[in-house]
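Colleague: Sharing model.pdb here; it has PDB, C-alpha atoms.
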ATOM      1  CA  MET T 265     -74.428  76.740-114.824  1.00  0.00           C
ATOM      2  CA  THR T 266     -71.682  77.647-112.377  1.00  0.00           C
ATOM      3  CA  ALA T 267     -68.048  76.872-113.077  1.00  0.00           C
ATOM      4  CA  SER T 268     -68.046  74.179-110.367  1.00  0.00           C
ATOM      5  CA  LEU T 269     -70.811  72.333-112.214  1.00  0.00           C
ATOM      6  CA  ALA T 270     -69.216  72.672-115.641  1.00  0.00           C
ATOM      7  CA  LYS T 271     -68.171  69.440-117.304  1.00  0.00           C
ATOM      8  CA  PRO T 272     -64.435  68.953-117.640  1.00  0.00           C
ATOM      9  CA  ARG T 273     -62.697  69.510-120.965  1.00  0.00           C
ATOM     10  CA  ILE T 274     -61.387  66.206-122.288  1.00  0.00           C
ATOM     11  CA  ALA T 275     -58.326  65.577-124.461  1.00  0.00           C
ATOM     12  CA  ILE T 276     -58.535  62.271-126.299  1.00  0.00           C
ATOM     13  CA  GLY T 277     -56.040  60.396-128.416  1.00  0.00           C
ATOM     14  CA  SER T 278     -55.257  56.946-129.743  1.00  0.00           C
ATOM     15  CA  ASP T 279     -53.060  55.011-132.065  1.00  0.00           C
ATOM     16  CA  HIS T 280     -54.442  53.040-135.010  1.00  0.00           C
ATOM     17  CA  ALA T 281     -55.444  50.061-132.823  1.00  0.00           C
ATOM     18  CA  GLY T 282     -57.477  52.312-130.560  1.00  0.00           C
ATOM     19  CA  PHE T 283     -58.981  54.477-133.304  1.00  0.00           C
ATOM     20  CA  SER T 284     -62.424  52.849-133.424  1.00  0.00           C
ATOM     21  CA  VAL T 285     -62.861  52.855-129.632  1.00  0.00           C
ATOM     22  CA  LYS T 286     -61.592  56.457-129.465  1.00  0.00           C
ATOM     23  CA  GLU T 287     -64.204  57.491-132.022  1.00  0.00           C
ATOM     24  CA  THR T 288     -66.940  55.736-130.023  1.00  0.00           C
ATOM     25  CA  ILE T 289     -65.827  57.485-126.828  1.00  0.00           C
ATOM     26  CA  LYS T 290     -65.567  60.858-128.561  1.00  0.00           C
ATOM     27  CA  LYS T 291     -69.103  60.573-129.936  1.00  0.00           C
ATOM     28  CA  TYR T 292     -70.429  59.608-126.481  1.00  0.00           C
ATOM     29  CA  LEU T 293     -68.637  62.531-124.807  1.00  0.00           C
ATOM     30  CA  GLU T 294     -69.799  65.098-127.349  1.00  0.00           C
ATOM     31  CA  GLU T 295     -73.388  63.871-127.123  1.00  0.00           C
ATOM     32  CA  ALA T 296     -73.143  64.129-123.319  1.00  0.00           C
ATOM     33  CA  GLY T 297     -72.078  67.779-123.603  1.00  0.00           C
ATOM     34  CA  TYR T 298     -68.348  67.504-122.958  1.00  0.00           C
ATOM     35  CA  ALA T 299     -65.877  69.679-124.843  1.00  0.00           C
ATOM     36  CA  VAL T 300     -63.516  67.218-126.544  1.00  0.00           C
ATOM     37  CA  GLU T 301     -60.123  67.913-128.066  1.00  0.00           C
ATOM     38  CA  ASP T 302     -59.332  65.044-130.444  1.00  0.00           C
ATOM     39  CA  LEU T 303     -55.565  64.826-130.823  1.00  0.00           C
ATOM     40  CA  GLY T 304     -55.696  61.931-133.274  1.00  0.00           C
ATOM     41  CA  THR T 305     -55.077  59.608-134.855  1.00  0.00           C
ATOM     42  CA  ARG T 306     -57.569  60.113-137.669  1.00  0.00           C
ATOM     43  CA  SER T 307     -57.648  56.612-139.171  1.00  0.00           C
ATOM     44  CA  GLU T 308     -56.597  52.996-138.720  1.00  0.00           C
ATOM     45  CA  ASP T 309     -53.363  53.617-140.646  1.00  0.00           C
ATOM     46  CA  SER T 310     -50.374  52.546-138.551  1.00  0.00           C
ATOM     47  CA  VAL T 311     -48.973  55.241-136.246  1.00  0.00           C
ATOM     48  CA  ASP T 312     -46.895  55.294-133.052  1.00  0.00           C
ATOM     49  CA  TYR T 313     -48.772  55.416-129.736  1.00  0.00           C
ATOM     50  CA  PRO T 314     -46.124  57.505-127.880  1.00  0.00           C
ATOM     51  CA  ASP T 315     -46.990  60.517-130.053  1.00  0.00           C
ATOM     52  CA  PHE T 316     -50.608  60.458-128.900  1.00  0.00           C
ATOM     53  CA  GLY T 317     -49.892  59.652-125.248  1.00  0.00           C
ATOM     54  CA  LYS T 318     -47.507  62.605-125.144  1.00  0.00           C
ATOM     55  CA  ALA T 319     -49.975  64.915-126.910  1.00  0.00           C
ATOM     56  CA  VAL T 320     -52.826  64.148-124.511  1.00  0.00           C
ATOM     57  CA  GLY T 321     -50.537  64.260-121.482  1.00  0.00           C
ATOM     58  CA  GLY T 322     -49.091  67.585-122.609  1.00  0.00           C
ATOM     59  CA  ARG T 323     -52.486  69.238-122.924  1.00  0.00           C
ATOM     60  CA  VAL T 324     -53.627  67.975-119.530  1.00  0.00           C
ATOM     61  CA  ALA T 325     -50.351  68.938-117.821  1.00  0.00           C
ATOM     62  CA  ALA T 326     -50.571  72.427-119.378  1.00  0.00           C
ATOM     63  CA  LYS T 327     -54.183  72.692-118.122  1.00  0.00           C
ATOM     64  CA  GLN T 328     -55.464  73.196-121.666  1.00  0.00           C
ATOM     65  CA  ASP T 329     -57.787  70.284-120.890  1.00  0.00           C
ATOM     66  CA  ASP T 330     -58.939  68.997-117.518  1.00  0.00           C
ATOM     67  CA  LEU T 331     -58.671  65.257-118.137  1.00  0.00           C
ATOM     68  CA  GLY T 332     -57.443  62.926-120.837  1.00  0.00           C
ATOM     69  CA  ILE T 333     -58.374  59.601-122.351  1.00  0.00           C
ATOM     70  CA  VAL T 334     -55.878  57.535-124.343  1.00  0.00           C
ATOM     71  CA  VAL T 335     -56.443  54.277-126.211  1.00  0.00           C
ATOM     72  CA  CYS T 336     -54.092  51.819-127.855  1.00  0.00           C
ATOM     73  CA  GLY T 337     -54.303  48.083-128.430  1.00  0.00           C
ATOM     74  CA  SER T 338     -53.534  47.067-124.851  1.00  0.00           C
ATOM     75  CA  GLY T 339     -53.539  50.479-123.167  1.00  0.00           C
ATOM     76  CA  ILE T 340     -50.119  49.723-121.748  1.00  0.00           C
ATOM     77  CA  GLY T 341     -47.834  51.539-124.198  1.00  0.00           C
ATOM     78  CA  ILE T 342     -49.901  54.694-124.435  1.00  0.00           C
ATOM     79  CA  SER T 343     -50.219  54.886-120.629  1.00  0.00           C
ATOM     80  CA  ILE T 344     -46.444  54.596-120.278  1.00  0.00           C
ATOM     81  CA  ALA T 345     -45.968  57.385-122.829  1.00  0.00           C
ATOM     82  CA  ALA T 346     -48.531  59.672-121.158  1.00  0.00           C
ATOM     83  CA  ASN T 347     -46.900  59.077-117.766  1.00  0.00           C
ATOM     84  CA  LYS T 348     -43.591  60.430-119.070  1.00  0.00           C
ATOM     85  CA  VAL T 349     -45.172  63.903-119.093  1.00  0.00           C
ATOM     86  CA  PRO T 350     -44.517  65.561-115.708  1.00  0.00           C
ATOM     87  CA  GLY T 351     -47.721  65.989-113.724  1.00  0.00           C
ATOM     88  CA  ILE T 352     -49.596  63.208-115.485  1.00  0.00           C
ATOM     89  CA  ARG T 353     -51.110  60.322-113.589  1.00  0.00           C
ATOM     90  CA  ALA T 354     -52.313  58.048-116.376  1.00  0.00           C
ATOM     91  CA  ALA T 355     -54.079  54.947-115.110  1.00  0.00           C
ATOM     92  CA  LEU T 356     -54.616  51.848-117.196  1.00  0.00           C
ATOM     93  CA  ALA T 357     -58.042  50.522-116.298  1.00  0.00           C
ATOM     94  CA  HIS T 358     -59.402  47.095-117.127  1.00  0.00           C
ATOM     95  CA  ASP T 359     -62.915  47.407-115.738  1.00  0.00           C
ATOM     96  CA  VAL T 360     -65.284  49.807-113.995  1.00  0.00           C
ATOM     97  CA  VAL T 361     -63.702  49.151-110.590  1.00  0.00           C
ATOM     98  CA  THR T 362     -60.185  50.072-111.731  1.00  0.00           C
ATOM     99  CA  ALA T 363     -61.543  53.155-113.532  1.00  0.00           C
ATOM    100  CA  GLN T 364     -63.274  54.221-110.317  1.00  0.00           C
ATOM    101  CA  LEU T 365     -60.231  53.597-108.126  1.00  0.00           C
ATOM    102  CA  ALA T 366     -57.993  55.465-110.574  1.00  0.00           C
ATOM    103  CA  ARG T 367     -59.922  58.647-109.797  1.00  0.00           C
ATOM    104  CA  GLU T 368     -60.981  57.942-106.203  1.00  0.00           C
ATOM    105  CA  HIS T 369     -57.596  56.857-104.825  1.00  0.00           C
ATOM    106  CA  ASN T 370     -55.047  58.120-107.356  1.00  0.00           C
ATOM    107  CA  ASN T 371     -56.725  61.252-108.722  1.00  0.00           C
ATOM    108  CA  ALA T 372     -55.704  60.034-112.170  1.00  0.00           C
ATOM    109  CA  ASN T 373     -55.961  62.762-114.771  1.00  0.00           C
ATOM    110  CA  VAL T 374     -55.653  60.451-117.791  1.00  0.00           C
ATOM    111  CA  LEU T 375     -57.568  57.222-118.340  1.00  0.00           C
ATOM    112  CA  ALA T 376     -55.837  54.614-120.512  1.00  0.00           C
ATOM    113  CA  LEU T 377     -57.794  51.850-122.209  1.00  0.00           C
ATOM    114  CA  GLY T 378     -56.955  48.807-124.312  1.00  0.00           C
ATOM    115  CA  ALA T 379     -59.092  48.552-127.435  1.00  0.00           C
ATOM    116  CA  ARG T 380     -58.083  44.936-128.013  1.00  0.00           C
ATOM    117  CA  ILE T 381     -58.991  44.062-124.422  1.00  0.00           C
ATOM    118  CA  LEU T 382     -62.356  45.820-123.980  1.00  0.00           C
ATOM    119  CA  THR T 383     -65.623  45.987-125.832  1.00  0.00           C
ATOM    120  CA  PRO T 384     -66.697  49.501-126.853  1.00  0.00           C
ATOM    121  CA  ALA T 385     -69.630  49.225-124.401  1.00  0.00           C
ATOM    122  CA  ALA T 386     -67.282  48.357-121.530  1.00  0.00           C
ATOM    123  CA  ALA T 387     -64.987  51.247-122.488  1.00  0.00           C
ATOM    124  CA  LEU T 388     -67.924  53.676-122.345  1.00  0.00           C
ATOM    125  CA  LYS T 389     -68.948  52.467-118.872  1.00  0.00           C
ATOM    126  CA  MET T 390     -65.382  52.925-117.709  1.00  0.00           C
ATOM    127  CA  VAL T 391     -65.192  56.433-119.168  1.00  0.00           C
ATOM    128  CA  GLU T 392     -68.489  57.369-117.513  1.00  0.00           C
ATOM    129  CA  THR T 393     -67.259  56.010-114.173  1.00  0.00           C
ATOM    130  CA  PHE T 394     -63.898  57.781-114.488  1.00  0.00           C
ATOM    131  CA  LEU T 395     -65.545  61.114-115.235  1.00  0.00           C
ATOM    132  CA  ASN T 396     -68.128  60.839-112.454  1.00  0.00           C
ATOM    133  CA  THR T 397     -65.896  59.647-109.628  1.00  0.00           C
ATOM    134  CA  PRO T 398     -64.438  62.325-107.358  1.00  0.00           C
ATOM    135  CA  PHE T 399     -61.027  62.094-105.716  1.00  0.00           C
ATOM    136  CA  ALA T 400     -61.431  60.894-102.115  1.00  0.00           C
ATOM    137  CA  GLY T 401     -58.531  62.942-100.726  1.00  0.00           C
ATOM    138  CA  GLY T 402     -57.524  62.134 -97.163  1.00  0.00           C
ATOM    139  CA  ARG T 403     -54.864  59.451 -96.892  1.00  0.00           C
ATOM    140  CA  HIS T 404     -54.747  59.260-100.684  1.00  0.00           C
ATOM    141  CA  GLN T 405     -53.535  62.866-100.925  1.00  0.00           C
ATOM    142  CA  ARG T 406     -50.532  62.017 -98.739  1.00  0.00           C
ATOM    143  CA  ARG T 407     -49.598  59.293-101.215  1.00  0.00           C
ATOM    144  CA  LEU T 408     -50.012  61.558-104.217  1.00  0.00           C
ATOM    145  CA  ASP T 409     -47.806  64.132-102.509  1.00  0.00           C
ATOM    146  CA  LYS T 410     -45.113  61.445-102.295  1.00  0.00           C
ATOM    147  CA  ILE T 411     -45.475  60.720-106.021  1.00  0.00           C
ATOM    148  CA  THR T 412     -45.152  64.443-106.749  1.00  0.00           C
ATOM    149  CA  ALA T 413     -42.024  64.573-104.571  1.00  0.00           C
ATOM    150  CA  ILE T 414     -40.484  61.681-106.523  1.00  0.00           C
ATOM    151  CA  GLU T 415     -41.243  63.475-109.781  1.00  0.00           C
ATOM    152  CA  GLN T 416     -39.653  66.691-108.441  1.00  0.00           C
ATOM    153  CA  GLU T 417     -36.563  64.824-107.187  1.00  0.00           C
ATOM    154  CA  GLU T 418     -36.096  63.246-110.621  1.00  0.00           C
ATOM    155  CA  HIS T 419     -36.537  66.623-112.301  1.00  0.00           C
ATOM    156  CA  ASP T 420     -34.002  68.233-109.956  1.00  0.00           C
ATOM    157  CA  ARG T 421     -31.546  65.376-110.478  1.00  0.00           C
ATOM    158  CA  ALA T 422     -31.830  65.670-114.261  1.00  0.00           C
ATOM    159  CA  THR T 423     -31.543  69.457-114.351  1.00  0.00           C
ATOM    160  CA  PRO T 424     -27.957  70.722-114.083  1.00  0.00           C
ATOM    161  CA  PRO T 425     -27.436  73.688-111.778  1.00  0.00           C
ATOM    162  CA  ARG T 426     -27.333  77.039-113.541  1.00  0.00           C
ATOM    163  CA  ALA T 427     -24.008  78.786-113.603  1.00  0.00           C
ATOM    164  CA  ASN T 428     -23.766  82.039-111.678  1.00  0.00           C
ATOM    165  CA  SER T 429     -24.400  84.773-114.232  1.00  0.00           C
ATOM    166  CA  THR T 430     -22.343  87.382-112.389  1.00  0.00           C
ATOM    167  CA  SER T 431     -18.598  87.261-112.753  1.00  0.00           C
ATOM    168  CA  THR T 432     -16.153  88.716-110.263  1.00  0.00           C
TER     169      THR T 432
END
Could you render the structure as structure tokens?

Modeller:
Amino acid sequence: MTASLAKPRIAIGSDHAGFSVKETIKKYLEEAGYAVEDLGTRSEDSVDYPDFGKAVGGRVAAKQDDLGIVVCGSGIGISIAANKVPGIRAALAHDVVTAQLAREHNNANVLALGARILTPAAALKMVETFLNTPFAGGRHQRRLDKITAIEQEEHDRATPPRANSTST
């Protein structure tokens, strides 16, 4: 198998509300031959979703994994947390169409799902669609470039200029 045909490495994480759906997705991915990095949580004991959104986003942004999947009760909180990581485009999907458009139009690199909103079967169809949909490029790339520029502007605004290290 050539590198271009290799399946992407997937980072996956959830809070307690998303634990069961995360485990279902992880099992599906592993059985389908994907390399999966499970970043937790490990049970239905209460935890905080930002920790897992950040962990998945961090691995994807650092290119340790190619794509990410995050799950919490609604999908909203964990997608917000993942999107705080520079370079992450986490998309909250509600159905197969939004999962497809997340990749096709937005080149999303993290899929966010709501375990209290979706059935496990629906979540699996959305994951399959997300992973098998290529980015369309074209006019969509121009829009992503604008998002990247916004992210860079915010980074530059938040980073104080470095003092000149040479003294005269």

Colleague: Please evaluate the PyMOL selection byres ((chain T and resi 320) around 7) against the displayed coordinates and give the resulting residues as a list in words.

Modeller: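 After applying the PyMOL selection byres ((chain T and resi 320) around 7), what remains is Ala275, Ile276, Gly277, Leu303, Phe316, Gly317, Lys318, Ala319, Gly321, Gly322, Arg323, Val324 and Gly332 of chain T.
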
Colleague: For Asp312 in chain T, find every residue with an atom within 10 Å (counting all atoms listed in the file), except residues of its own chain fewer than 4 positions away, and show them as a PyMOL selection string.

Modeller: chain T and resi 278-280+305+316-317+336+341-342

Colleague: Write out, as a JSON list (two decimals), keeping the file's coordinate frame, the residues just selected, with C-alpha atoms.

Modeller:
[["chain", "number", "residue", "atom", "x", "y", "z"],
["T", 278, "SER", "CA", -55.26, 56.95, -129.74],
["T", 279, "ASP", "CA", -53.06, 55.01, -132.06],
["T", 280, "HIS", "CA", -54.44, 53.04, -135.01],
["T", 305, "THR", "CA", -55.08, 59.61, -134.85],
["T", 316, "PHE", "CA", -50.61, 60.46, -128.90],
["T", 317, "GLY", "CA", -49.89, 59.65, -125.25],
["T", 336, "CYS", "CA", -54.09, 51.82, -127.86],
["T", 341, "GLY", "CA", -47.83, 51.54, -124.20],
["T", 342, "ILE", "CA", -49.90, 54.69, -124.44]]

Colleague: How far is it from CA of Gly282 in chain T to CA of Val335 in chain T, in Å with one decimal?

Modeller: 4.9 Å

Colleague: Output the residue selection produced by the PyMOL selection byres ((chain T and resi 285-297) around 8) on the file above, formatted as number ranges by chain.

Modeller: T: 271, 276-278, 282-284, 298-300, 302, 334-335, 379, 384, 387-388, 391

Colleague: Spell out the residues picked by the PyMOL selection byres ((chain T and resi 412-416) around 12) here, as a JSON list (two decimals) with C-alpha atoms, keeping the file's coordinate frame.

Modeller:
[["chain", "number", "residue", "atom", "x", "y", "z"],
["T", 347, "ASN", "CA", -46.90, 59.08, -117.77],
["T", 348, "LYS", "CA", -43.59, 60.43, -119.07],
["T", 349, "VAL", "CA", -45.17, 63.90, -119.09],
["T", 350, "PRO", "CA", -44.52, 65.56, -115.71],
["T", 351, "GLY", "CA", -47.72, 65.99, -113.72],
["T", 352, "ILE", "CA", -49.60, 63.21, -115.48],
["T", 353, "ARG", "CA", -51.11, 60.32, -113.59],
["T", 370, "ASN", "CA", -55.05, 58.12, -107.36],
["T", 405, "GLN", "CA", -53.54, 62.87, -100.92],
["T", 406, "ARG", "CA", -50.53, 62.02, -98.74],
["T", 407, "ARG", "CA", -49.60, 59.29, -101.22],
["T", 408, "LEU", "CA", -50.01, 61.56, -104.22],
["T", 409, "ASP", "CA", -47.81, 64.13, -102.51],
["T", 410, "LYS", "CA", -45.11, 61.44, -102.30],
["T", 411, "ILE", "CA", -45.48, 60.72, -106.02],
["T", 417, "GLU", "CA", -36.56, 64.82, -107.19],
["T", 418, "GLU", "CA", -36.10, 63.25, -110.62],
["T", 419, "HIS", "CA", -36.54, 66.62, -112.30],
["T", 420, "ASP", "CA", -34.00, 68.23, -109.96],
["T", 421, "ARG", "CA", -31.55, 65.38, -110.48],
["T", 422, "ALA", "CA", -31.83, 65.67, -114.26],
["T", 423, "THR", "CA", -31.54, 69.46, -114.35]]

Colleague: Find, counting only C-alpha atoms, the residue in T:Ala326, T:Ser343, T:Phe399, T:Gly337 that gets nearest to Arg380 in chain T.

Modeller: T:Gly337

Colleague: Of the candidates T:Lys327, T:Gln364, T:Leu375, T:Asp359, which one gets nearest to Ala346 in chain T if we count only C-alpha atoms?

Modeller: T:Leu375

Colleague: For Ile333 in chain T, which residue among T:Arg306, T:Ala385, T:Gly401, T:Gly378 is the nearest when counting only C-alpha atoms?

Modeller: T:Gly378

Colleague: Would you mind telling me which residue in T:Ala345, T:Gly339, T:Asp309, T:Asp330 lies nearest to Ala270 in chain T when using all atoms listed in the file?

Modeller: T:Asp330

Colleague: Would you compute the distance between CA of Met390 in chain T and CA of Arg367 in chain T? Give it in Å to one decimal.

Modeller: 11.2 Å

Colleague: Just give me the gap between CA of Gln328 in chain T and CA of Asn373 in chain T in Å, one decimal is fine.

Modeller: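 A separation of 12.5 Å between them.
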
Colleague: Report, as AutoDock Vina command-line options, the centre and edge lengths in Å (one decimal) of the axis-aligned box enclosing every listed atom of range 365-372 of chain T, padded by 5 Å on each side.

Modeller:
--center_x -58.0 --center_y 57.4 --center_z -108.5 --size_x 15.9 --size_y 17.7 --size_z 17.3

Colleague: With distances taken over all atoms listed in the file, which of T:Ala357, T:Val374, T:Ala363, T:Ile381 is nearest to Phe394 in chain T?

Modeller: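 Checking each of T:Ala357, T:Val374, T:Ala363, T:Ile381 against Phe394 in chain T, counting all atoms listed in the file, the winner is T:Ala363.
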
Colleague: So, with only C-alpha atoms as the atoms that count, which of T:Asn371, T:Thr383, T:Ser307, T:Ser338 lies closest to Thr397 in chain T?

Modeller: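 Comparing T:Asn371, T:Thr383, T:Ser307, T:Ser338 against Thr397 in chain T, the winner is T:Asn371.
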